[in-house]
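Below is the file work.json, which contains JSON, C-alpha atoms and all ligand atoms.
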[["chain", "number", "residue", "atom", "x", "y", "z"],
["A", 10, "MET", "CA", -0.76, 1.09, 25.18],
["A", 11, "ASN", "CA", 2.70, -0.45, 24.65],
["A", 12, "ALA", "CA", 5.60, 1.34, 26.46],
["A", 13, "THR", "CA", 8.02, 0.37, 23.67],
["A", 14, "PRO", "CA", 6.13, 0.54, 20.40],
["A", 15, "PRO", "CA", 6.73, -2.32, 17.96],
["A", 16, "LYS", "CA", 9.31, -1.90, 15.19],
["A", 17, "VAL", "CA", 7.77, -1.01, 11.84],
["A", 18, "LEU", "CA", 8.52, -3.23, 8.86],
["A", 19, "VAL", "CA", 7.50, -1.32, 5.75],
["A", 20, "LEU", "CA", 6.23, -3.73, 3.08],
["A", 21, "THR", "CA", 6.28, -2.05, -0.28],
["A", 22, "GLY", "CA", 6.45, -2.64, -4.02],
["A", 23, "GLY", "CA", 4.61, -1.48, -7.11],
["A", 24, "ILE", "CA", 0.95, -2.06, -7.83],
["A", 25, "GLY", "CA", 0.15, -5.77, -8.12],
["A", 26, "SER", "CA", 3.58, -6.91, -6.94],
["A", 27, "GLY", "CA", 2.00, -8.96, -4.15],
["A", 28, "LYS", "CA", 2.21, -6.77, -1.03],
["A", 29, "SER", "CA", -1.19, -7.88, 0.28],
["A", 30, "THR", "CA", -0.36, -11.51, -0.47],
["A", 31, "PHE", "CA", 2.80, -11.25, 1.66],
["A", 32, "ALA", "CA", 0.93, -9.29, 4.32],
["A", 33, "ARG", "CA", -1.57, -12.19, 4.64],
["A", 34, "ALA", "CA", 1.41, -14.57, 5.07],
["A", 35, "PHE", "CA", 2.86, -12.39, 7.87],
["A", 36, "GLU", "CA", -0.59, -12.25, 9.49],
["A", 37, "ALA", "CA", -0.80, -16.04, 9.41],
["A", 38, "LEU", "CA", 2.36, -16.03, 11.55],
["A", 39, "GLY", "CA", 0.75, -13.68, 14.08],
["A", 40, "VAL", "CA", 2.28, -10.41, 12.86],
["A", 41, "PRO", "CA", -0.21, -7.51, 12.86],
["A", 42, "CYS", "CA", -0.42, -5.83, 9.45],
["A", 43, "ILE", "CA", -1.94, -2.57, 8.33],
["A", 44, "ASP", "CA", -2.62, -1.45, 4.77],
["A", 45, "ALA", "CA", -2.19, 2.23, 3.89],
["A", 46, "ASP", "CA", -4.71, 1.87, 1.05],
["A", 47, "ALA", "CA", -7.30, 0.56, 3.52],
["A", 48, "LEU", "CA", -6.59, 3.47, 5.88],
["A", 49, "ALA", "CA", -6.94, 5.89, 2.96],
["A", 50, "ARG", "CA", -10.29, 4.25, 2.21],
["A", 51, "THR", "CA", -11.54, 4.77, 5.77],
["A", 52, "VAL", "CA", -10.65, 8.44, 5.38],
["A", 53, "HIS", "CA", -12.47, 8.65, 2.00],
["A", 54, "GLN", "CA", -15.60, 7.14, 3.52],
["A", 55, "ASP", "CA", -15.70, 9.59, 6.43],
["A", 56, "ALA", "CA", -17.39, 12.69, 5.04],
["A", 57, "SER", "CA", -16.58, 14.63, 8.21],
["A", 58, "HIS", "CA", -12.82, 13.93, 8.13],
["A", 59, "PRO", "CA", -10.88, 17.17, 7.43],
["A", 60, "ALA", "CA", -8.78, 15.41, 4.76],
["A", 61, "THR", "CA", -11.93, 14.19, 2.99],
["A", 62, "MET", "CA", -13.37, 17.69, 2.97],
["A", 63, "GLN", "CA", -10.09, 19.07, 1.65],
["A", 64, "ILE", "CA", -9.97, 16.46, -1.16],
["A", 65, "ALA", "CA", -13.63, 17.18, -2.02],
["A", 66, "ARG", "CA", -12.75, 20.87, -2.37],
["A", 67, "ALA", "CA", -9.72, 20.08, -4.56],
["A", 68, "PHE", "CA", -11.56, 17.46, -6.68],
["A", 69, "PRO", "CA", -15.28, 18.37, -6.51],
["A", 70, "GLN", "CA", -16.12, 15.92, -9.31],
["A", 71, "ALA", "CA", -15.08, 13.06, -6.98],
["A", 72, "MET", "CA", -17.49, 13.96, -4.17],
["A", 73, "ALA", "CA", -20.44, 11.58, -3.77],
["A", 74, "ALA", "CA", -23.90, 12.80, -2.70],
["A", 75, "ASP", "CA", -23.25, 11.82, 0.94],
["A", 76, "GLY", "CA", -19.99, 13.81, 1.10],
["A", 77, "SER", "CA", -17.74, 10.75, 0.94],
["A", 78, "LEU", "CA", -15.36, 10.30, -2.01],
["A", 79, "ALA", "CA", -15.98, 8.19, -5.11],
["A", 80, "ARG", "CA", -12.73, 6.24, -5.37],
["A", 81, "GLY", "CA", -13.24, 5.16, -9.00],
["A", 82, "THR", "CA", -13.56, 8.80, -10.06],
["A", 83, "LEU", "CA", -10.58, 9.78, -7.94],
["A", 84, "ARG", "CA", -8.51, 6.96, -9.42],
["A", 85, "SER", "CA", -9.42, 8.02, -12.97],
["A", 86, "ILE", "CA", -8.22, 11.54, -12.14],
["A", 87, "PHE", "CA", -4.96, 10.74, -10.40],
["A", 88, "ALA", "CA", -3.99, 7.95, -12.82],
["A", 89, "VAL", "CA", -3.63, 10.41, -15.70],
["A", 90, "ASP", "CA", -2.59, 13.57, -13.87],
["A", 91, "PRO", "CA", 0.68, 13.57, -11.89],
["A", 92, "ALA", "CA", -0.08, 16.98, -10.32],
["A", 93, "ALA", "CA", -3.45, 15.70, -9.07],
["A", 94, "ASN", "CA", -1.70, 12.62, -7.73],
["A", 95, "GLU", "CA", 0.77, 14.74, -5.77],
["A", 96, "GLU", "CA", -2.05, 16.87, -4.36],
["A", 97, "LEU", "CA", -4.06, 13.80, -3.32],
["A", 98, "LYS", "CA", -1.05, 12.26, -1.57],
["A", 99, "ARG", "CA", -0.11, 15.55, 0.09],
["A", 100, "ILE", "CA", -3.56, 15.77, 1.68],
["A", 101, "LEU", "CA", -3.94, 12.09, 2.58],
["A", 102, "ARG", "CA", -0.45, 11.30, 3.86],
["A", 103, "PRO", "CA", -0.66, 12.99, 7.29],
["A", 104, "ALA", "CA", -4.10, 11.48, 7.94],
["A", 105, "VAL", "CA", -2.96, 7.98, 6.96],
["A", 106, "LEU", "CA", 0.30, 8.23, 8.92],
["A", 107, "ALA", "CA", -1.50, 9.40, 12.05],
["A", 108, "LEU", "CA", -3.89, 6.41, 11.86],
["A", 109, "ALA", "CA", -1.00, 3.98, 11.24],
["A", 110, "ASP", "CA", 1.05, 5.37, 14.10],
["A", 111, "ASP", "CA", -1.88, 5.24, 16.51],
["A", 112, "TRP", "CA", -2.62, 1.62, 15.52],
["A", 113, "THR", "CA", 1.07, 0.63, 15.88],
["A", 114, "ARG", "CA", 1.24, 1.93, 19.44],
["A", 115, "ARG", "CA", -1.66, -0.32, 20.37],
["A", 116, "GLN", "CA", 0.04, -3.55, 19.16],
["A", 117, "GLN", "CA", 1.93, -5.84, 21.53],
["A", 118, "THR", "CA", 4.22, -7.74, 19.14],
["A", 119, "PRO", "CA", 7.97, -7.13, 18.53],
["A", 120, "TYR", "CA", 7.19, -5.80, 15.07],
["A", 121, "VAL", "CA", 4.28, -4.86, 12.83],
["A", 122, "VAL", "CA", 3.91, -4.56, 9.06],
["A", 123, "TRP", "CA", 2.88, -1.41, 7.24],
["A", 124, "GLU", "CA", 1.90, -2.17, 3.66],
["A", 125, "SER", "CA", 1.98, 0.65, 1.11],
["A", 126, "ALA", "CA", 2.91, 1.13, -2.54],
["A", 127, "LEU", "CA", 3.77, 4.72, -1.75],
["A", 128, "ALA", "CA", 6.09, 4.04, 1.17],
["A", 129, "MET", "CA", 9.19, 5.21, -0.69],
["A", 130, "ASP", "CA", 7.74, 8.65, -1.32],
["A", 131, "GLN", "CA", 8.33, 9.79, 2.18],
["A", 132, "ALA", "CA", 10.41, 9.39, 5.31],
["A", 133, "LEU", "CA", 8.63, 6.74, 7.37],
["A", 134, "PRO", "CA", 9.55, 5.48, 10.83],
["A", 135, "ALA", "CA", 10.71, 2.22, 9.25],
["A", 136, "ALA", "CA", 13.06, -0.16, 11.07],
["A", 137, "ARG", "CA", 13.45, -2.03, 7.78],
["A", 138, "VAL", "CA", 12.02, -1.83, 4.27],
["A", 139, "LEU", "CA", 10.94, -5.07, 2.61],
["A", 140, "VAL", "CA", 10.32, -4.81, -1.14],
["A", 141, "VAL", "CA", 8.11, -7.26, -3.01],
["A", 142, "ASP", "CA", 9.51, -7.62, -6.50],
["A", 143, "ALA", "CA", 7.84, -8.90, -9.68],
["A", 144, "THR", "CA", 8.14, -7.98, -13.34],
["A", 145, "ASP", "CA", 5.95, -5.18, -14.73],
["A", 146, "GLN", "CA", 4.26, -7.70, -17.05],
["A", 147, "MET", "CA", 3.41, -10.06, -14.20],
["A", 148, "ARG", "CA", 2.07, -7.16, -12.10],
["A", 149, "ALA", "CA", -0.12, -5.81, -14.94],
["A", 150, "ALA", "CA", -1.52, -9.30, -15.59],
["A", 151, "ARG", "CA", -2.31, -9.87, -11.90],
["A", 152, "VAL", "CA", -4.03, -6.50, -11.50],
["A", 153, "ALA", "CA", -6.08, -7.09, -14.67],
["A", 154, "LEU", "CA", -7.29, -10.39, -13.18],
["A", 155, "ARG", "CA", -7.99, -8.88, -9.76],
["A", 156, "ASN", "CA", -9.68, -5.67, -10.99],
["A", 157, "PRO", "CA", -11.56, -6.50, -14.21],
["A", 158, "ASP", "CA", -13.26, -3.08, -14.12],
["A", 159, "TRP", "CA", -9.94, -1.17, -14.37],
["A", 160, "THR", "CA", -8.84, -0.37, -17.91],
["A", 161, "SER", "CA", -5.43, -1.65, -19.02],
["A", 162, "ALA", "CA", -4.51, 1.97, -19.81],
["A", 163, "GLN", "CA", -5.22, 2.92, -16.18],
["A", 164, "VAL", "CA", -3.06, 0.07, -14.89],
["A", 165, "ALA", "CA", -0.22, 1.00, -17.25],
["A", 166, "SER", "CA", -0.48, 4.62, -16.24],
["A", 167, "ILE", "CA", -0.35, 3.81, -12.50],
["A", 168, "ILE", "CA", 2.72, 1.62, -13.10],
["A", 169, "ALA", "CA", 4.33, 4.49, -15.01],
["A", 170, "MET", "CA", 3.50, 6.96, -12.22],
["A", 171, "GLN", "CA", 4.97, 4.80, -9.46],
["A", 172, "LEU", "CA", 8.69, 4.39, -8.86],
["A", 173, "PRO", "CA", 10.48, 2.17, -11.37],
["A", 174, "ARG", "CA", 11.19, -1.36, -10.18],
["A", 175, "ALA", "CA", 14.93, -0.59, -9.84],
["A", 176, "ASP", "CA", 14.21, 2.34, -7.50],
["A", 177, "TYR", "CA", 12.19, 0.16, -5.13],
["A", 178, "LEU", "CA", 15.00, -2.41, -5.16],
["A", 179, "ALA", "CA", 17.69, 0.22, -4.55],
["A", 180, "ARG", "CA", 16.03, 1.29, -1.31],
["A", 181, "ALA", "CA", 15.25, -2.20, 0.02],
["A", 182, "ASP", "CA", 16.79, -3.67, 3.14],
["A", 183, "ASP", "CA", 15.28, -7.02, 2.14],
["A", 184, "VAL", "CA", 13.69, -8.27, -1.09],
["A", 185, "VAL", "CA", 11.22, -11.06, -1.79],
["A", 186, "HIS", "CA", 10.59, -12.25, -5.34],
["A", 187, "ASN", "CA", 6.96, -12.96, -6.08],
["A", 188, "ASP", "CA", 7.34, -15.04, -9.23],
["A", 189, "GLY", "CA", 6.36, -18.41, -7.82],
["A", 190, "THR", "CA", 3.50, -20.08, -6.01],
["A", 191, "LEU", "CA", 1.74, -19.14, -2.76],
["A", 192, "ASP", "CA", 3.83, -21.87, -1.08],
["A", 193, "ASP", "CA", 6.93, -19.91, -2.15],
["A", 194, "VAL", "CA", 5.38, -16.78, -0.61],
["A", 195, "ARG", "CA", 4.82, -18.59, 2.69],
["A", 196, "ALA", "CA", 8.34, -20.07, 2.72],
["A", 197, "GLN", "CA", 10.03, -16.69, 2.12],
["A", 198, "THR", "CA", 7.83, -15.05, 4.75],
["A", 199, "LEU", "CA", 8.64, -17.68, 7.37],
["A", 200, "GLN", "CA", 12.39, -17.26, 6.79],
["A", 201, "LEU", "CA", 12.13, -13.47, 7.16],
["A", 202, "HIS", "CA", 9.89, -13.76, 10.21],
["A", 203, "HIS", "CA", 12.58, -15.81, 11.98],
["A", 204, "ARG", "CA", 15.18, -13.15, 11.16],
["A", 205, "TYR", "CA", 12.99, -10.25, 12.29],
["A", 206, "THR", "CA", 12.02, -12.04, 15.48],
["A", 207, "ASP", "CA", 15.70, -12.64, 16.29],
["A", 208, "LEU", "CA", 16.50, -9.02, 15.51],
["A", 209, "TRP", "CA", 13.67, -7.34, 17.43],
["A", 210, "SER", "CA", 12.58, -9.61, 20.28],
["B", 301, "LIG", "C1", -6.78, 6.74, -5.69],
["B", 301, "LIG", "C2", -7.62, 5.88, -4.76],
["B", 301, "LIG", "C3", -8.82, 6.65, -4.31],
["B", 301, "LIG", "C4", -8.06, 4.62, -5.54],
["B", 301, "LIG", "O1", -8.75, 3.74, -4.66],
["B", 301, "LIG", "P1", -9.08, 2.23, -5.13],
["B", 301, "LIG", "O2", -9.91, 1.61, -4.04],
["B", 301, "LIG", "O3", -9.66, 2.26, -6.50],
["B", 301, "LIG", "O4", -7.68, 1.53, -5.25],
["B", 301, "LIG", "P2", -6.70, 1.08, -4.06],
["B", 301, "LIG", "O5", -6.77, 2.04, -2.93],
["B", 301, "LIG", "O6", -6.93, -0.36, -3.79],
["B", 301, "LIG", "O7", -5.27, 1.27, -4.74],
["B", 301, "LIG", "C5", -4.75, 0.26, -5.58],
["B", 301, "LIG", "C6", -3.30, 0.52, -5.87],
["B", 301, "LIG", "O8", -3.17, 1.70, -6.67],
["B", 301, "LIG", "C7", -1.93, 2.28, -6.39],
["B", 301, "LIG", "N1", -2.11, 3.67, -5.94],
["B", 301, "LIG", "C8", -3.09, 4.16, -5.15],
["B", 301, "LIG", "N2", -2.93, 5.47, -4.98],
["B", 301, "LIG", "C9", -1.84, 5.80, -5.68],
["B", 301, "LIG", "C10", -1.18, 7.02, -5.92],
["B", 301, "LIG", "N3", -1.65, 8.15, -5.38],
["B", 301, "LIG", "N4", -0.08, 7.02, -6.71],
["B", 301, "LIG", "C11", 0.38, 5.89, -7.27],
["B", 301, "LIG", "N5", -0.21, 4.69, -7.07],
["B", 301, "LIG", "C12", -1.30, 4.66, -6.30],
["B", 301, "LIG", "C13", -1.30, 1.47, -5.27],
["B", 301, "LIG", "O9", -0.44, 0.48, -5.81],
["B", 301, "LIG", "C14", -2.47, 0.82, -4.64],
["B", 301, "LIG", "O10", -2.10, -0.30, -3.91],
["B", 301, "LIG", "C15", -6.82, 5.45, -3.52],
["B", 301, "LIG", "O11", -5.87, 4.47, -3.87],
["B", 301, "LIG", "C16", -6.09, 6.59, -2.85],
["B", 301, "LIG", "O12", -6.68, 7.36, -2.15],
["B", 301, "LIG", "N6", -4.78, 6.66, -3.10],
["B", 301, "LIG", "C17", -3.93, 7.64, -2.44],
["B", 301, "LIG", "C18", -3.28, 6.98, -1.27],
["B", 301, "LIG", "C19", -2.41, 7.93, -0.51],
["B", 301, "LIG", "O13", -2.08, 9.01, -0.95],
["B", 301, "LIG", "N7", -2.03, 7.47, 0.65],
["B", 301, "LIG", "C20", -1.26, 8.28, 1.51],
["B", 301, "LIG", "C21", 0.15, 7.85, 1.56],
["B", 301, "LIG", "S1", 0.55, 6.71, 2.81],
["B", 302, "LIG", "N1", 2.42, -15.80, -5.89],
["B", 302, "LIG", "C1", 1.18, -15.60, -6.32],
["B", 302, "LIG", "N2", 0.49, -16.59, -6.92],
["B", 302, "LIG", "C2", -0.75, -16.40, -7.41],
["B", 302, "LIG", "N3", -1.42, -15.22, -7.34],
["B", 302, "LIG", "C3", -0.80, -14.19, -6.75],
["B", 302, "LIG", "C4", 0.52, -14.32, -6.21],
["B", 302, "LIG", "N4", 0.89, -13.12, -5.69],
["B", 302, "LIG", "C5", -0.15, -12.29, -5.90],
["B", 302, "LIG", "N5", -1.17, -12.92, -6.53],
["B", 302, "LIG", "C6", -2.46, -12.32, -6.93],
["B", 302, "LIG", "O1", -2.16, -11.17, -7.70],
["B", 302, "LIG", "C7", -3.02, -10.09, -7.35],
["B", 302, "LIG", "C8", -2.16, -8.91, -6.87],
["B", 302, "LIG", "O2", -1.54, -9.27, -5.63],
["B", 302, "LIG", "P1", -1.69, -8.33, -4.35],
["B", 302, "LIG", "O3", -3.09, -7.81, -4.22],
["B", 302, "LIG", "O4", -1.10, -9.07, -3.20],
["B", 302, "LIG", "O5", -0.72, -7.15, -4.82],
["B", 302, "LIG", "P2", -0.49, -5.73, -4.14],
["B", 302, "LIG", "O6", 0.96, -5.41, -4.33],
["B", 302, "LIG", "O7", -1.01, -5.73, -2.76],
["B", 302, "LIG", "O8", -1.37, -4.83, -5.09],
["B", 302, "LIG", "P3", -1.87, -3.29, -4.90],
["B", 302, "LIG", "O9", -0.66, -2.42, -4.97],
["B", 302, "LIG", "O10", -2.77, -3.09, -6.06],
["B", 302, "LIG", "O11", -2.59, -3.23, -3.59],
["B", 302, "LIG", "C9", -3.97, -10.60, -6.30],
["B", 302, "LIG", "O12", -5.16, -10.99, -6.93],
["B", 302, "LIG", "C10", -3.25, -11.84, -5.73],
["B", 302, "LIG", "O13", -4.14, -12.80, -5.25]]

The structure given in the file should be rewritten as C-alpha cells.
Ligand SMILES: CC(C)(COP(=O)(O)OP(=O)(O)OC[C@H]1O[C@@H](n2cnc3c(N)ncnc32)[C@H](O)[C@@H]1O)[C@@H](O)C(=O)NCCC(=O)NCCS
Ligand SMILES: Nc1ncnc2c1ncn2[C@@H]1O[C@H](COP(=O)(O)OP(=O)(O)OP(=O)(O)O)[C@@H](O)[C@H]1O
Amino acid sequence: MNATPPKVLVLTGGIGSGKSTFARAFEALGVPCIDADALARTVHQDASHPATMQIARAFPQAMAADGSLARGTLRSIFAVDPAANEELKRILRPAVLALADDWTRRQQTPYVVWESALAMDQALPAARVLVVDATDQMRAARVALRNPDWTSAQVASIIAMQLPRADYLARADDVVHNDGTLDDVRAQTLQLHHRYTDLWS
C-alpha cells in the first residue's frame, strides 16, 4: 500500500471520442490506467455483488439465468430511458468508485488514469480532468465500426444522453483532439505525460 496515493487524472469524453485509445498510450508510457466501464462489467458479472442484486431487482428483464446481468439488454433499456439510466448509475457509482479507489491506493506511480465517459456526472477525487474531444459525427462513425451489433439509433441516443461536447470542454483542465492518426495520439500523450510528471513527481 502506498503512503501517498497517486494523483488521479480523470480521462473523459463522450462515447467513441477515443478515451481507451489515449489510455493505451498512457499505459505504453508506464502509467497505470483503469476503466470505469470495465469495473462496471466486473460488478455485472458478479451475481453475488450487492449492486448486481439491486440492479437485477430494478431491471428484472436484464437478469441472466446465472444471476449476472445481460449488458446488451441493460444497454437497450438505459439508452432509451433517462430515468433508468439515472437509476443504473446511482446503484453502480459507489461500487465502481470503491473499486477504483482501492486499485489507486495499490499503485506506486506519481499519477494514475481513471477513464470514464460519466466522470463529469459526479465529484471525483480528480487532480486534473483531461477531455478527449472529437466531433459527434466522428464518434458515431467510430462506434459503428467498433460495435457492429449496436444500432445507429442506440449510438445516437447514447450521444444525446451524455453531456454535450461543449460541456465536457468547459470542465476540462486539459484537452486532446482526437481527429488525427494514432501517431498524433501518442505525440499528444507524451507531451502531457512530461507535464504531469513534472507536476506530480
Ligand atoms: C449499460 C452497460 C451495461 C452497457 O455495457 P456494454 O458492455 O454494452 O458497453 P460499455 O460498458 O462498453 O459502454 C460503452 C459506452 O457507453 C457509454 N455509457 C455506458 N453507460 C452509460 C450510461 N449509463 N450513460 C451514458 N453513457 C453510458 C459510455 O460512453 C461507455 O464508454 C454498461 O455500460 C453500464 O453498466 N453502464 C453504467 C456505468 C456506470 O453507471 N458506471 C458508474 C459510474 S463511474
Ligand atoms: N485516432 C484514431 N485513429 C484511428 N482509430 C481510432 C482513433 N481513435 C479512436 N479510434 C478507434 O475508434 C473507436 C473508439 O475509440 P475508443 O474505444 O478509444 O473510444 P472511447 O472513448 O473509449 O469509447 P467508449 O466511450 O465507447 O468506451 C475504437 O475502435 C478505436 O480503435

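Around ligand LIG 302 (chain B), the neighbouring residues within 7 Å, taking only C-alpha atoms and all ligand atoms, come to Gly22, Gly23, Ile24, Gly25, Ser26, Gly27, Lys28, Ser29, Thr30, Phe31, Ala126, Arg148, Arg151, Val152, Leu154, Arg155, Asn187, Asp188, Gly189, Thr190, Leu191 and Val194 of chain A.
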
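With all atoms listed in the file as the basis for measurement, A:Gly39 is the residue among A:Val19, A:Leu172, A:Gly39, A:Pro103 that approaches Leu199 in chain A most closely.
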
Set the cut-off to 7 Å, count all atoms listed in the file, and list whatever residues fall near ligand LIG 301 (chain B) as a list in words. Gly23, Ile24, Gly25, Ala45, Asp46, Ala47, Ala49, Arg50, Arg80, Gly81, Leu83, Arg84, Phe87, Asn94, Leu97, Lys98, Arg99, Leu101, Arg102, Val105, Leu106, Ser125, Ala126, Leu127, Ala128, Ile167, Met170 and Gln171 of chain A

Suppose we keep C-alpha atoms; can you now write the selection as an mmCIF file, in the frame of the given file?
data_model
loop_
_atom_site.group_PDB
_atom_site.id
_atom_site.type_symbol
_atom_site.label_atom_id
_atom_site.label_comp_id
_atom_site.auth_asym_id
_atom_site.auth_seq_id
_atom_site.Cartn_x
_atom_site.Cartn_y
_atom_site.Cartn_z
ATOM 1 C CA GLY A 23 4.610 -1.480 -7.110
ATOM 2 C CA ILE A 24 0.950 -2.060 -7.830
ATOM 3 C CA GLY A 25 0.150 -5.770 -8.120
ATOM 4 C CA ALA A 45 -2.190 2.230 3.890
ATOM 5 C CA ASP A 46 -4.710 1.870 1.050
ATOM 6 C CA ALA A 47 -7.300 0.560 3.520
ATOM 7 C CA ALA A 49 -6.940 5.890 2.960
ATOM 8 C CA ARG A 50 -10.290 4.250 2.210
ATOM 9 C CA ARG A 80 -12.730 6.240 -5.370
ATOM 10 C CA GLY A 81 -13.240 5.160 -9.000
ATOM 11 C CA LEU A 83 -10.580 9.780 -7.940
ATOM 12 C CA ARG A 84 -8.510 6.960 -9.420
ATOM 13 C CA PHE A 87 -4.960 10.740 -10.400
ATOM 14 C CA ASN A 94 -1.700 12.620 -7.730
ATOM 15 C CA LEU A 97 -4.060 13.800 -3.320
ATOM 16 C CA LYS A 98 -1.050 12.260 -1.570
ATOM 17 C CA ARG A 99 -0.110 15.550 0.090
ATOM 18 C CA LEU A 101 -3.940 12.090 2.580
ATOM 19 C CA ARG A 102 -0.450 11.300 3.860
ATOM 20 C CA VAL A 105 -2.960 7.980 6.960
ATOM 21 C CA LEU A 106 0.300 8.230 8.920
ATOM 22 C CA SER A 125 1.980 0.650 1.110
ATOM 23 C CA ALA A 126 2.910 1.130 -2.540
ATOM 24 C CA LEU A 127 3.770 4.720 -1.750
ATOM 25 C CA ALA A 128 6.090 4.040 1.170
ATOM 26 C CA ILE A 167 -0.350 3.810 -12.500
ATOM 27 C CA MET A 170 3.500 6.960 -12.220
ATOM 28 C CA GLN A 171 4.970 4.800 -9.460
#

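For the atom pair formed by CA of Arg195 in chain A and CA of Val138 in chain A, the distance is 18.3 Å, given to one decimal.
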
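If you measure from each of A:Val89, A:Val122, A:Ala73, A:Ala67 to Tyr205 in chain A using all atoms listed in the file, the closest one turns out to be A:Val122.
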
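Near Leu178 in chain A, within a cut-off of 8 Å and counting only C-alpha atoms, sit the residues Val140, Asp142 and Val184 of chain A, with same-chain residues fewer than 6 positions away left out.
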
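Contact shell of Ala135 in chain A at 9 Å (all atoms listed in the file; same-chain neighbours under 4 positions omitted): Lys16, Val17, Leu18, Val19 and Trp123 of chain A.
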
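Nearest-residue note for Arg180 in chain A: choosing from A:Thr51, A:Thr144, A:Thr21, A:Ser166, the minimum distance belongs to A:Thr21, counting all atoms listed in the file.
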
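For the point (-11.3, 12.0, -2.4), the residues with an atom at a distance of at most 8 Å are His53, Thr61, Ile64, Ala65, Phe68, Ala71, Met72, Ser77, Leu78, Ala79, Arg80, Leu83 and Leu97 of chain A, counting only C-alpha atoms.
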
What separation in Å, quoted to one decimal, exists between CA of Val164 in chain A and CA of Ala149 in chain A? 6.6 Å

I need every residue sitting at most 10 Å from the point (3.0, 0.5, 23.4) (coordinates as in the file, only C-alpha atoms considered), written as a list in words. Met10, Asn11, Ala12, Thr13, Pro14, Pro15, Asp111, Trp112, Thr113, Arg114, Arg115, Gln116, Gln117 and Thr118 of chain A

Let me have the centre and edge lengths in Å, one decimal, of the box along x, y and z around every listed atom of range 47-57 of chain A with 5 Å of margin on each side, as JSON.
{"center_x": -12.0, "center_y": 7.6, "center_z": 5.1, "size_x": 20.8, "size_y": 24.1, "size_z": 16.2}

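Nearest residue to Tyr120 in chain A, choosing from A:Pro91, A:Ala136, A:Asp44, A:Ala150 and counting all atoms listed in the file: A:Ala136.
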
Quick one: distance from CA of Leu20 in chain A to CA of Thr206 in chain A in Å, one decimal? 16.0 Å

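Proximity to Asp145 in chain A was assessed for A:Asp183, A:Asp55, A:Leu133, A:Ala165 counting all atoms listed in the file; the smallest distance is recorded for A:Ala165.
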
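Closest approach to Gln54 in chain A among A:Asp193, A:Glu36, A:Asp75, A:Asp158 is made by A:Asp75 (distances from only C-alpha atoms).
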